[in-house]
$ cat protein.csv   # CSV, C-alpha atoms
chain,number,residue,atom,x,y,z
A,42,MET,CA,116.9,96.5,112.8
A,43,ASP,CA,116.2,92.9,113.8
A,44,LEU,CA,114.5,90.9,111.0
A,45,GLN,CA,113.7,87.9,113.1
A,46,GLY,CA,110.0,88.6,113.3
A,47,ALA,CA,109.8,88.8,109.6
A,48,LYS,CA,110.9,85.2,108.8
A,49,ARG,CA,108.4,83.4,106.8
A,50,ALA,CA,107.4,79.8,105.9
A,51,VAL,CA,106.6,79.4,102.2
A,52,ALA,CA,104.8,76.7,100.2
A,53,ALA,CA,105.8,76.3,96.5
A,54,VAL,CA,103.1,75.8,93.9
A,55,THR,CA,103.0,76.0,90.1
A,56,ARG,CA,101.6,78.9,88.1
A,57,THR,CA,99.0,78.6,85.3
A,58,LYS,CA,100.3,80.1,82.1
A,59,GLY,CA,98.9,83.6,81.4
A,60,GLN,CA,97.4,84.0,84.9
A,61,ARG,CA,98.5,84.3,88.4
A,62,PHE,CA,96.6,82.2,90.9
A,63,LEU,CA,97.2,82.4,94.6
A,64,LEU,CA,96.7,78.9,96.0
A,65,GLY,CA,96.4,77.6,99.5
A,66,ARG,CA,97.2,79.4,102.7
A,67,ILE,CA,99.5,82.0,104.2
A,68,THR,CA,100.9,82.1,107.7
A,69,CYS,CA,103.5,83.9,109.7
A,70,LYS,CA,106.3,82.4,111.8
A,71,ASP,CA,103.9,81.9,114.7
A,72,GLY,CA,101.8,79.5,112.7
A,73,TRP,CA,98.6,81.3,111.8
A,74,LYS,CA,96.9,81.3,108.5
A,75,THR,CA,94.4,83.2,106.3
A,76,SER,CA,92.9,82.6,102.9
A,77,LEU,CA,94.4,84.1,99.7
A,78,GLU,CA,92.6,85.8,96.9
A,79,LEU,CA,92.5,84.7,93.3
A,80,GLN,CA,94.3,87.2,91.1
A,81,LYS,CA,94.4,87.6,87.3
A,82,HIS,CA,96.6,89.8,85.2
A,83,SER,CA,95.8,90.6,81.6
A,84,TYR,CA,98.0,92.6,79.2
A,85,CYS,CA,97.5,94.5,76.0
A,86,SER,CA,100.1,95.0,73.3
A,87,ASN,CA,100.5,96.7,69.9
A,88,CYS,CA,99.4,100.1,71.3
A,89,ASP,CA,100.9,103.5,70.8
A,90,GLU,CA,101.9,106.1,73.4
A,91,ASN,CA,102.8,109.7,72.8
A,92,ASP,CA,106.2,110.0,74.5
A,93,ASP,CA,106.5,113.8,74.1
A,94,ASN,CA,107.4,115.7,77.3
A,95,ASN,CA,104.9,118.4,78.3
A,96,ASN,CA,106.3,120.2,81.3
A,97,ASN,CA,104.9,123.7,80.7
A,98,ASN,CA,102.8,123.6,83.8
A,99,ASN,CA,105.4,122.2,86.2
A,100,ASN,CA,106.5,125.6,87.7
A,101,VAL,CA,102.9,126.7,88.1
A,102,ASN,CA,102.0,123.4,89.6
A,103,SER,CA,104.9,123.5,92.0
A,104,LEU,CA,103.9,126.9,93.3
A,105,ARG,CA,100.3,125.9,93.7
A,106,MET,CA,101.2,122.6,95.5
A,107,ALA,CA,103.7,124.3,97.8
A,108,SER,CA,101.0,126.9,98.8
A,109,LEU,CA,98.6,124.1,99.6
A,110,ALA,CA,101.2,122.2,101.5
A,111,ASN,CA,102.0,125.2,103.6
A,112,ASN,CA,98.3,125.7,104.4
A,113,VAL,CA,98.0,122.2,106.0
A,114,ALA,CA,98.3,122.2,109.7
A,115,SER,CA,101.9,121.6,110.7
A,116,GLU,CA,101.3,119.7,113.8
A,117,LEU,CA,101.5,115.9,113.8
A,118,PRO,CA,98.3,113.9,113.7
A,119,ASN,CA,97.2,113.2,117.3
A,120,ASN,CA,95.4,110.0,116.6
A,121,ILE,CA,98.3,107.8,115.4
A,122,ASP,CA,100.4,105.4,117.5
A,123,TRP,CA,103.6,105.7,115.6
A,124,ASP,CA,105.0,102.6,117.3
A,125,ASN,CA,102.2,100.4,116.1
A,126,LEU,CA,101.4,101.6,112.6
A,127,GLY,CA,101.4,98.3,110.7
A,128,PHE,CA,100.8,98.2,107.0
A,129,ARG,CA,97.2,99.4,106.6
A,130,LEU,CA,95.5,102.5,105.2
A,131,THR,CA,95.4,105.7,107.1
A,132,THR,CA,93.7,108.4,105.2
A,133,THR,CA,95.7,111.6,104.8
A,134,ASP,CA,95.1,115.2,103.7
A,135,TYR,CA,95.6,115.4,100.0
A,136,MET,CA,95.7,113.3,96.8
A,137,TYR,CA,96.9,114.2,93.3
A,138,ILE,CA,94.8,113.8,90.2
A,139,MET,CA,95.6,114.4,86.5
A,140,LYS,CA,93.5,113.4,83.5
A,141,CYS,CA,93.8,113.0,79.7
A,142,SER,CA,91.9,111.7,76.8
A,143,GLN,CA,92.9,108.7,74.6
A,144,GLY,CA,95.4,109.8,72.0
A,145,GLU,CA,96.4,112.9,74.0
A,146,ILE,CA,99.0,113.5,76.7
A,147,PHE,CA,98.8,114.3,80.4
A,148,SER,CA,99.3,118.0,81.2
A,149,LYS,CA,97.8,119.8,84.1
A,150,GLY,CA,97.5,118.0,87.5
A,151,LYS,CA,96.2,119.2,90.8
A,152,LEU,CA,96.0,118.4,94.5
A,153,GLN,CA,92.6,117.9,96.1
A,154,ARG,CA,91.4,116.8,99.4
A,155,PHE,CA,91.6,113.0,99.8
A,156,GLY,CA,88.2,111.4,99.2
A,157,ASN,CA,86.1,109.3,96.9
A,158,ILE,CA,86.3,109.6,93.2
A,159,GLU,CA,83.4,109.3,90.7
A,160,LEU,CA,83.5,106.6,88.0
A,161,SER,CA,81.0,105.5,85.4
A,162,PRO,CA,79.9,101.9,85.7
A,163,CYS,CA,81.2,101.5,82.2
A,164,ALA,CA,84.7,102.7,83.1
A,165,GLY,CA,87.4,100.7,81.3
A,166,VAL,CA,89.1,99.8,84.6
A,167,LEU,CA,85.9,98.4,86.0
A,168,ASN,CA,84.9,96.4,83.0
A,169,TYR,CA,88.1,95.2,81.5
A,170,GLY,CA,90.7,95.8,84.2
A,171,GLN,CA,92.5,98.6,82.3
A,172,GLY,CA,94.5,99.9,85.1
A,173,LEU,CA,97.8,99.6,87.0
A,174,PHE,CA,99.5,100.8,90.1
A,175,GLU,CA,102.9,101.5,91.6
A,176,GLY,CA,104.3,101.7,95.1
A,177,LEU,CA,107.1,103.6,96.7
A,178,LYS,CA,108.0,105.2,100.0
A,179,ALA,CA,109.2,108.5,101.5
A,180,TYR,CA,111.3,108.6,104.6
A,181,LYS,CA,112.0,111.3,107.2
A,182,LYS,CA,115.5,111.9,108.6
A,183,HIS,CA,116.3,113.1,112.1
A,184,ASP,CA,117.3,116.5,110.6
A,185,GLY,CA,113.9,116.9,109.0
A,186,ASN,CA,114.9,116.1,105.5
A,187,ILE,CA,112.5,113.9,103.4
A,188,LEU,CA,114.0,111.3,101.2
A,189,LEU,CA,112.6,109.4,98.1
A,190,PHE,CA,114.3,106.2,97.0
A,191,ARG,CA,114.7,105.8,93.2
A,192,PRO,CA,111.2,107.2,92.2
A,193,GLU,CA,112.3,107.5,88.6
A,194,GLU,CA,112.4,103.7,88.4
A,195,ASN,CA,108.8,103.6,89.4
A,196,ALA,CA,108.0,106.2,86.7
A,197,ARG,CA,109.7,104.1,84.1
A,198,ARG,CA,108.0,100.9,85.1
A,199,LEU,CA,104.6,102.7,85.1
A,200,ARG,CA,105.2,103.8,81.5
A,201,ILE,CA,106.2,100.3,80.4
A,202,GLY,CA,103.1,98.9,82.0
A,203,ALA,CA,100.9,101.6,80.4
A,204,GLU,CA,102.2,100.8,77.0
A,205,ARG,CA,101.3,97.2,77.4
A,206,MET,CA,97.8,98.2,78.6
A,207,CYS,CA,97.2,100.6,75.7
A,208,MET,CA,97.2,103.6,78.0
A,209,PRO,CA,98.8,107.0,77.8
A,210,SER,CA,101.0,107.8,80.8
A,211,PRO,CA,102.6,110.7,82.6
A,212,THR,CA,106.2,111.6,81.6
A,213,ILE,CA,108.9,110.7,84.1
A,214,ASP,CA,109.1,114.4,85.1
A,215,GLN,CA,105.4,114.6,85.6
A,216,PHE,CA,105.5,111.5,87.7
A,217,LEU,CA,108.3,112.8,89.9
A,218,GLU,CA,106.5,116.2,90.3
A,219,ALA,CA,103.4,114.4,91.4
A,220,VAL,CA,105.3,112.4,94.0
A,221,LYS,CA,107.1,115.5,95.3
A,222,VAL,CA,104.0,117.7,95.7
A,223,THR,CA,101.8,114.9,97.1
A,224,VAL,CA,104.5,114.0,99.7
A,225,LEU,CA,105.0,117.6,100.7
A,226,ALA,CA,101.3,118.3,101.0
A,227,ASN,CA,101.0,115.4,103.4
A,228,GLU,CA,104.3,115.9,105.2
A,229,ARG,CA,102.8,115.8,108.6
A,230,TRP,CA,101.8,112.2,108.0
A,231,ILE,CA,105.4,111.0,107.5
A,232,PRO,CA,106.3,108.8,110.4
A,233,PRO,CA,109.2,109.9,112.6
A,234,PRO,CA,112.6,108.5,111.8
A,235,GLY,CA,112.8,104.8,112.5
A,236,LYS,CA,109.0,104.4,113.0
A,237,GLY,CA,108.0,103.7,109.4
A,238,ALA,CA,107.6,105.5,106.1
A,239,LEU,CA,105.0,107.3,104.0
A,240,TYR,CA,103.7,104.8,101.4
A,241,ILE,CA,103.0,106.4,98.0
A,242,ARG,CA,100.4,104.7,95.8
A,243,PRO,CA,100.3,106.0,92.1
A,244,LEU,CA,97.3,104.7,90.1
A,245,LEU,CA,96.7,104.9,86.3
A,246,ILE,CA,93.2,103.8,85.3
A,247,GLY,CA,91.0,103.8,82.3
A,248,SER,CA,88.3,106.1,83.8
A,249,GLY,CA,86.3,106.7,80.6
A,250,ALA,CA,83.2,104.8,79.7
A,251,VAL,CA,83.5,101.9,77.2
A,252,LEU,CA,81.2,99.1,76.3
A,253,GLY,CA,83.2,96.9,73.9
A,254,ILE,CA,86.7,95.6,74.5
A,255,ALA,CA,88.7,98.7,73.5
A,256,PRO,CA,91.0,101.3,75.2
A,257,ALA,CA,89.0,103.7,77.3
A,258,PRO,CA,88.4,107.2,76.0
A,259,GLU,CA,89.7,108.9,79.1
A,260,TYR,CA,92.5,108.1,81.7
A,261,THR,CA,93.1,109.3,85.2
A,262,PHE,CA,96.5,109.4,87.0
A,263,LEU,CA,95.9,109.5,90.7
A,264,MET,CA,98.3,109.4,93.7
A,265,TYR,CA,97.6,109.1,97.4
A,266,VAL,CA,99.7,108.3,100.5
A,267,SER,CA,99.5,106.6,103.8
A,268,PRO,CA,101.9,106.3,106.8
A,269,VAL,CA,102.9,102.6,107.2
A,270,GLY,CA,105.1,100.6,109.5
A,271,ASN,CA,106.4,97.0,109.3
A,272,TYR,CA,104.5,95.0,106.6
A,273,PHE,CA,104.5,91.8,108.7
A,274,LYS,CA,103.2,93.5,111.9
A,275,VAL,CA,99.9,93.8,110.1
A,276,LEU,CA,100.0,90.3,108.7
A,277,ASN,CA,100.5,89.0,112.3
A,278,ALA,CA,97.5,90.9,113.5
A,279,GLN,CA,95.2,89.8,110.6
A,280,ILE,CA,95.9,86.1,111.0
A,281,ALA,CA,96.1,85.9,114.8
A,282,ALA,CA,92.8,83.9,115.0
A,283,LYS,CA,93.5,81.6,112.0
A,284,ALA,CA,94.6,78.0,111.9
A,285,LYS,CA,98.0,76.7,111.1
A,286,GLY,CA,99.5,77.0,107.6
A,287,PHE,CA,102.1,78.9,105.6
A,288,SER,CA,103.0,82.5,105.4
A,289,ASP,CA,103.1,82.9,101.6
A,290,VAL,CA,103.2,81.1,98.2
A,291,LEU,CA,106.2,80.5,96.0
A,292,TYR,CA,105.3,80.2,92.4
A,293,LEU,CA,106.9,77.8,89.9
A,294,ASP,CA,106.8,78.2,86.2
A,295,SER,CA,103.7,77.0,84.4
A,296,ILE,CA,105.4,75.0,81.6
A,297,HIS,CA,108.1,72.9,83.4
A,298,LYS,CA,106.7,73.3,86.9
A,299,ARG,CA,110.2,73.3,88.4
A,300,TYR,CA,111.7,76.8,88.0
A,301,LEU,CA,111.3,79.4,90.7
A,302,GLU,CA,109.4,82.6,89.7
A,303,GLU,CA,108.3,84.8,92.7
A,304,VAL,CA,106.7,84.8,96.1
A,305,SER,CA,103.2,86.5,95.5
A,306,SER,CA,104.1,90.2,95.6
A,307,CYS,CA,107.9,89.7,96.2
A,308,ASN,CA,110.9,88.7,94.2
A,309,ILE,CA,112.9,85.7,95.6
A,310,PHE,CA,116.7,85.2,96.1
A,311,VAL,CA,118.7,82.1,96.8
A,312,VAL,CA,122.1,82.3,98.6
A,313,LYS,CA,124.8,79.6,98.4
A,314,GLY,CA,128.2,80.7,99.7
A,315,ASN,CA,129.2,83.9,98.0
A,316,LEU,CA,126.7,83.4,95.2
A,317,ILE,CA,123.3,85.2,95.2
A,318,SER,CA,120.9,84.1,92.6
A,319,THR,CA,117.5,85.3,91.5
A,320,PRO,CA,115.2,84.2,88.7
A,321,THR,CA,115.8,86.1,85.4
A,322,ILE,CA,113.1,88.6,84.5
A,323,LYS,CA,110.5,87.4,82.1
A,324,GLY,CA,106.8,88.1,81.4
A,325,THR,CA,105.5,86.5,84.5
A,326,ILE,CA,108.0,88.0,87.0
A,327,LEU,CA,107.8,91.5,88.3
A,328,PRO,CA,110.9,93.6,87.5
A,329,GLY,CA,111.0,94.8,91.1
A,330,ILE,CA,112.9,98.0,92.0
A,331,THR,CA,113.9,96.7,95.3
A,332,ARG,CA,115.1,93.5,93.5
A,333,LYS,CA,117.2,95.7,91.1
A,334,SER,CA,118.6,97.7,94.0
A,335,VAL,CA,119.6,94.5,96.0
A,336,LEU,CA,121.4,93.1,92.9
A,337,ASP,CA,123.4,96.3,92.6
A,338,LEU,CA,124.2,96.5,96.3
A,339,ALA,CA,125.2,92.8,96.4
A,340,ARG,CA,127.7,93.4,93.6
A,341,SER,CA,129.1,96.4,95.4
A,342,LEU,CA,129.6,94.4,98.5
A,343,GLY,CA,131.6,91.8,96.7
A,344,PHE,CA,129.0,89.1,96.2
A,345,GLN,CA,128.8,87.1,92.9
A,346,VAL,CA,125.3,87.8,91.5
A,347,GLU,CA,123.5,85.7,88.9
A,348,GLU,CA,120.1,86.2,87.2
A,349,GLN,CA,119.2,82.7,85.9
A,350,LEU,CA,116.8,79.8,85.9
A,351,ILE,CA,116.7,78.3,89.4
A,352,THR,CA,115.1,74.9,89.9
A,353,VAL,CA,113.0,74.1,93.0
A,354,ASP,CA,115.6,71.3,93.8
A,355,GLU,CA,118.3,73.9,94.3
A,356,LEU,CA,116.4,75.1,97.4
A,357,HIS,CA,117.6,72.0,99.3
A,358,ASP,CA,121.2,73.1,99.0
A,359,ALA,CA,120.7,76.9,99.7
A,360,ASP,CA,122.3,78.5,102.7
A,361,GLU,CA,119.6,81.3,102.8
A,362,VAL,CA,116.5,82.3,100.9
A,363,PHE,CA,115.0,85.8,101.1
A,364,CYS,CA,112.4,88.0,99.4
A,365,THR,CA,112.5,91.6,98.3
A,366,GLY,CA,109.8,94.2,97.7
A,367,THR,CA,108.7,97.8,98.4
A,368,ALA,CA,106.7,96.8,101.4
A,369,VAL,CA,108.8,94.0,102.8
A,370,VAL,CA,112.3,95.5,101.8
A,371,VAL,CA,114.4,92.4,102.5
A,372,SER,CA,112.5,89.5,104.2
A,373,PRO,CA,114.3,86.2,105.1
A,374,VAL,CA,112.5,82.9,104.6
A,375,GLY,CA,112.5,80.5,107.5
A,376,SER,CA,111.3,77.4,105.6
A,377,ILE,CA,109.9,76.2,102.3
A,378,THR,CA,107.5,73.2,102.0
A,379,TYR,CA,107.3,71.5,98.6
A,380,LEU,CA,105.5,68.2,98.0
A,381,ASN,CA,105.0,67.8,101.7
A,382,LYS,CA,108.7,68.1,102.4
A,383,ARG,CA,109.9,71.0,104.5
A,384,ILE,CA,113.3,72.7,104.0
A,385,THR,CA,114.4,74.9,107.0
A,386,TYR,CA,117.0,77.7,106.7
A,387,GLY,CA,119.2,78.9,109.6
A,388,SER,CA,118.9,77.9,113.2
A,389,GLY,CA,116.2,80.3,114.3
A,390,GLY,CA,118.1,83.4,113.4
A,391,VAL,CA,118.3,85.7,110.4
A,392,GLY,CA,121.0,84.7,107.9
A,393,PRO,CA,124.1,86.9,107.6
A,394,VAL,CA,123.6,87.8,103.9
A,395,SER,CA,119.9,88.7,104.4
A,396,GLN,CA,120.9,90.9,107.4
A,397,GLN,CA,123.8,92.6,105.5
A,398,LEU,CA,121.7,93.4,102.5
A,399,TYR,CA,118.8,94.6,104.6
A,400,SER,CA,121.0,96.9,106.6
A,401,ALA,CA,122.8,98.3,103.5
A,402,LEU,CA,119.5,99.0,101.7
A,403,ASN,CA,117.6,100.3,104.8
A,404,ASN,CA,120.5,102.7,105.7
A,405,LEU,CA,120.5,104.1,102.1
A,406,GLN,CA,116.8,104.6,102.1
A,407,MET,CA,116.9,106.3,105.5
A,408,GLY,CA,119.8,108.5,104.6
A,409,LEU,CA,122.0,106.9,107.3
A,410,THR,CA,124.9,106.2,104.9
A,411,GLU,CA,126.5,108.0,102.0
A,412,ASP,CA,124.5,107.5,98.8
A,413,LYS,CA,127.3,106.5,96.4
A,414,MET,CA,124.7,105.0,94.0
A,415,GLY,CA,122.9,108.3,93.4
A,416,TRP,CA,119.5,106.7,94.2
A,417,VAL,CA,118.1,109.1,96.9
A,418,ILE,CA,116.3,112.3,96.2
A,419,LYS,CA,116.0,114.9,98.9
A,420,LEU,CA,112.8,116.9,99.0
A,421,LYS,CA,113.8,119.3,101.8

$ encode --input "protein.csv" --output "structure tokens"
Amino acid sequence: MDLQGAKRAVAAVTRTKGQRFLLGRITCKDGWKTSLELQKHSYCSNCDENDDNNNNNNNVNSLRMASLANNVASELPNNIDWDNLGFRLTTTDYMYIMKCSQGEIFSKGKLQRFGNIELSPCAGVLNYGQGLFEGLKAYKKHDGNILLFRPEENARRLRIGAERMCMPSPTIDQFLEAVKVTVLANERWIPPPGKGALYIRPLLIGSGAVLGIAPAPEYTFLMYVSPVGNYFKVLNAQIAAKAKGFSDVLYLDSIHKRYLEEVSSCNIFVVKGNLISTPTIKGTILPGITRKSVLDLARSLGFQVEEQLITVDELHDADEVFCTGTAVVVSPVGSITYLNKRITYGSGGVGPVSQQLYSALNNLQMGLTEDKMGWVIKLK
């Protein structure tokens, strides 16, 4: 797949300690812009989580979910242009819900028709932001098989986040079960091979009512899906009427204001010769699963890989810069502007390292190459 249309121009800014502010403008390669939202992340520590596995209902759940999935019409939706999906919400047939009270563990989940949920105005997620989400994808092969890429890593990251947010969380097995049954129940919405993927959005929220600053008394684990195409196709469409600017924001650390952190929702990589570097994981940098996978793939392909502090000045000497994430996969950066000085990468084409890593990762996710890493789960 050609990555040329995904090349991005990025502006570097500093990050305020303890918060994440999106500053300035974003644009695509064709020079359009849109405004960015202000985002804050708060965390909670010193909270307990019951880590006991409770899988007594898994077999019953599997049978119930399989029955529901078989009852869904098998024909493909007739209102979707698979060639122009973009990255936007398309409502599907079913979502998955599981609840538990504070101090207890999740047990029995169920599928239900996709639709609105009811929340108290006093819900912890609405008042104090006690909630988190994950994102992963399911792919369909030409032989009809459905593939998941490293979903257990999403489950682990959800549990880490839940502990920090003083929330109980599903076990890894419960998470995987929810992913499998939700995907199968919405199988007809998985794009044909090469047309996109089924994006899976798990949510964990404090759904119980609470007035003071405290963990909510009840929690809801919810999962829904949507067929998606290329992430940047949507970005182009959304900003087609906007004025000139940048396509994203590259954050620097809040203390020294000179070390790279991440590009909004993506991790960043810098290439120099055979060396691929990325900022080391710390509290303000997302431990991306695509990031982790690219690091492992790069090592397997013979690249030298380093997780380290990277100064903004090192961008001047880089051969290539690219970003990684669930939605963008591997996205090459065309230029970075810092202190009104623009650094351009490549000569209008995608760099060879970005292309090699994208192809290797995409082929694994789509089941086009042998999975020597043991990362792919086949649903059928």

$ atom_distance --input "protein.csv" --atom1 "CA of Leu177 in chain A" --atom2 "CA of Glu193 in chain A"
10.4 Å

$ axis_aligned_box --input "protein.csv" --around "range 226-237 of chain A" --padding-each-side "8 Å" --output "AutoDock Vina command-line options"
--center_x 106.9 --center_y 111.0 --center_z 107.0 --size_x 27.8 --size_y 30.6 --size_z 28.0

$ atom_distance --input "protein.csv" --atom1 "CA of Leu245 in chain A" --atom2 "CA of Cys364 in chain A"
26.5 Å

$ atom_distance --input "protein.csv" --atom1 "CA of Glu175 in chain A" --atom2 "CA of Leu188 in chain A"
17.6 Å

$ closest_residue --input "protein.csv" --among "A:Ile309, A:Leu244, A:Leu356, A:Val370" --to "Lys382 in chain A" --atoms "all atoms listed in the file"
A:Leu356

$ residues_around --input "protein.csv" --residues "Asn308 in chain A" --least-positions-apart "2" --cutoff "8 Å" --atoms "only C-alpha atoms" --output "PyMOL selection string"
chain A and resi 302-304+306+310+319+326-327+329+332+364-366

$ residues_around --input "protein.csv" --residues "range 398-405 of chain A" --least-positions-apart "3" --cutoff "8 Å" --atoms "only C-alpha atoms" --output "MDAnalysis selection string"
chainID A and resid 42 334:335 338:339 370:371 394:395 408:412 417

$ closest_residue --input "protein.csv" --among "A:Trp123, A:Tyr169, A:Tyr260, A:Tyr265" --to "Leu225 in chain A" --atoms "only C-alpha atoms"
A:Tyr265

$ residues_around --input "protein.csv" --residues "range 266-271 of chain A" --least-positions-apart "2" --cutoff "8 Å" --atoms "all atoms listed in the file" --output "list of chain:residue names"
A:Asn125, A:Leu126, A:Gly127, A:Phe128, A:Arg129, A:Leu130, A:Thr131, A:Thr132, A:Thr133, A:Met136, A:Thr223, A:Val224, A:Asn227, A:Trp230, A:Ile231, A:Pro232, A:Lys236, A:Gly237, A:Ala238, A:Leu239, A:Tyr240, A:Ile241, A:Arg242, A:Met264, A:Phe273, A:Lys274, A:Val275, A:Ala368, A:Val369

$ closest_residue --input "protein.csv" --among "A:Asp124, A:Glu194, A:Glu259, A:Glu159" --to "Ile146 in chain A" --atoms "all atoms listed in the file"
A:Glu259

$ closest_residue --input "protein.csv" --among "A:Val290, A:Gln396, A:Ala179, A:Leu342" --to "Thr378 in chain A" --atoms "all atoms listed in the file"
A:Val290

$ closest_residue --input "protein.csv" --among "A:Asp354, A:Leu199, A:Asp134, A:Lys313" --to "Leu380 in chain A" --atoms "all atoms listed in the file"
A:Asp354

$ decode --input "protein.csv" --residues "range 224-274 of chain A" --atoms "C-alpha atoms" --output "compact mmCIF listing (two decimals), in the first residue's frame"
# COMPACT_ATOMS: atom_id res chain seq x y z
CA VAL A 224 -16.59 -9.09 16.53
CA LEU A 225 -18.43 -12.28 15.57
CA ALA A 226 -21.82 -10.75 16.36
CA ASN A 227 -20.95 -7.89 13.99
CA GLU A 228 -19.11 -9.97 11.42
CA ARG A 229 -21.07 -8.65 8.46
CA TRP A 230 -19.64 -5.18 9.15
CA ILE A 231 -16.00 -6.23 8.72
CA PRO A 232 -14.72 -4.60 5.52
CA PRO A 233 -13.61 -6.88 2.69
CA PRO A 234 -9.88 -7.67 2.56
CA GLY A 235 -7.84 -4.61 1.69
CA LYS A 236 -10.74 -2.20 2.22
CA GLY A 237 -10.24 -1.47 5.90
CA ALA A 238 -10.84 -3.07 9.29
CA LEU A 239 -13.41 -3.40 12.04
CA TYR A 240 -12.36 -0.91 14.72
CA ILE A 241 -13.05 -2.18 18.24
CA ARG A 242 -13.59 0.35 21.03
CA PRO A 243 -13.59 -1.02 24.62
CA LEU A 244 -14.68 1.43 27.33
CA LEU A 245 -14.38 1.18 31.11
CA ILE A 246 -16.30 3.87 32.98
CA GLY A 247 -17.37 4.80 36.47
CA SER A 248 -21.11 4.56 35.84
CA GLY A 249 -22.27 4.76 39.46
CA ALA A 250 -23.48 8.02 41.01
CA VAL A 251 -21.01 9.88 43.22
CA LEU A 252 -21.02 13.43 44.58
CA GLY A 253 -17.65 13.81 46.29
CA ILE A 254 -14.27 13.00 44.79
CA ALA A 255 -14.19 9.24 45.29
CA PRO A 256 -14.26 6.03 43.23
CA ALA A 257 -17.70 5.38 41.74
CA PRO A 258 -19.85 2.67 43.38
CA GLU A 259 -20.50 0.91 40.04
CA TYR A 260 -18.50 0.31 36.85
CA THR A 261 -19.47 -0.55 33.29
CA PHE A 262 -17.28 -2.29 30.73
CA LEU A 263 -18.66 -1.66 27.26
CA MET A 264 -17.48 -2.56 23.78
CA TYR A 265 -18.72 -1.47 20.37
CA VAL A 266 -17.33 -1.70 16.84
CA SER A 267 -17.34 0.25 13.59
CA PRO A 268 -15.96 -0.46 10.11
CA VAL A 269 -13.18 1.99 9.25
CA GLY A 270 -10.88 2.78 6.37
CA ASN A 271 -7.78 4.93 6.16
CA TYR A 272 -7.48 7.34 9.10
CA PHE A 273 -6.22 10.21 6.97
CA LYS A 274 -8.94 9.94 4.34
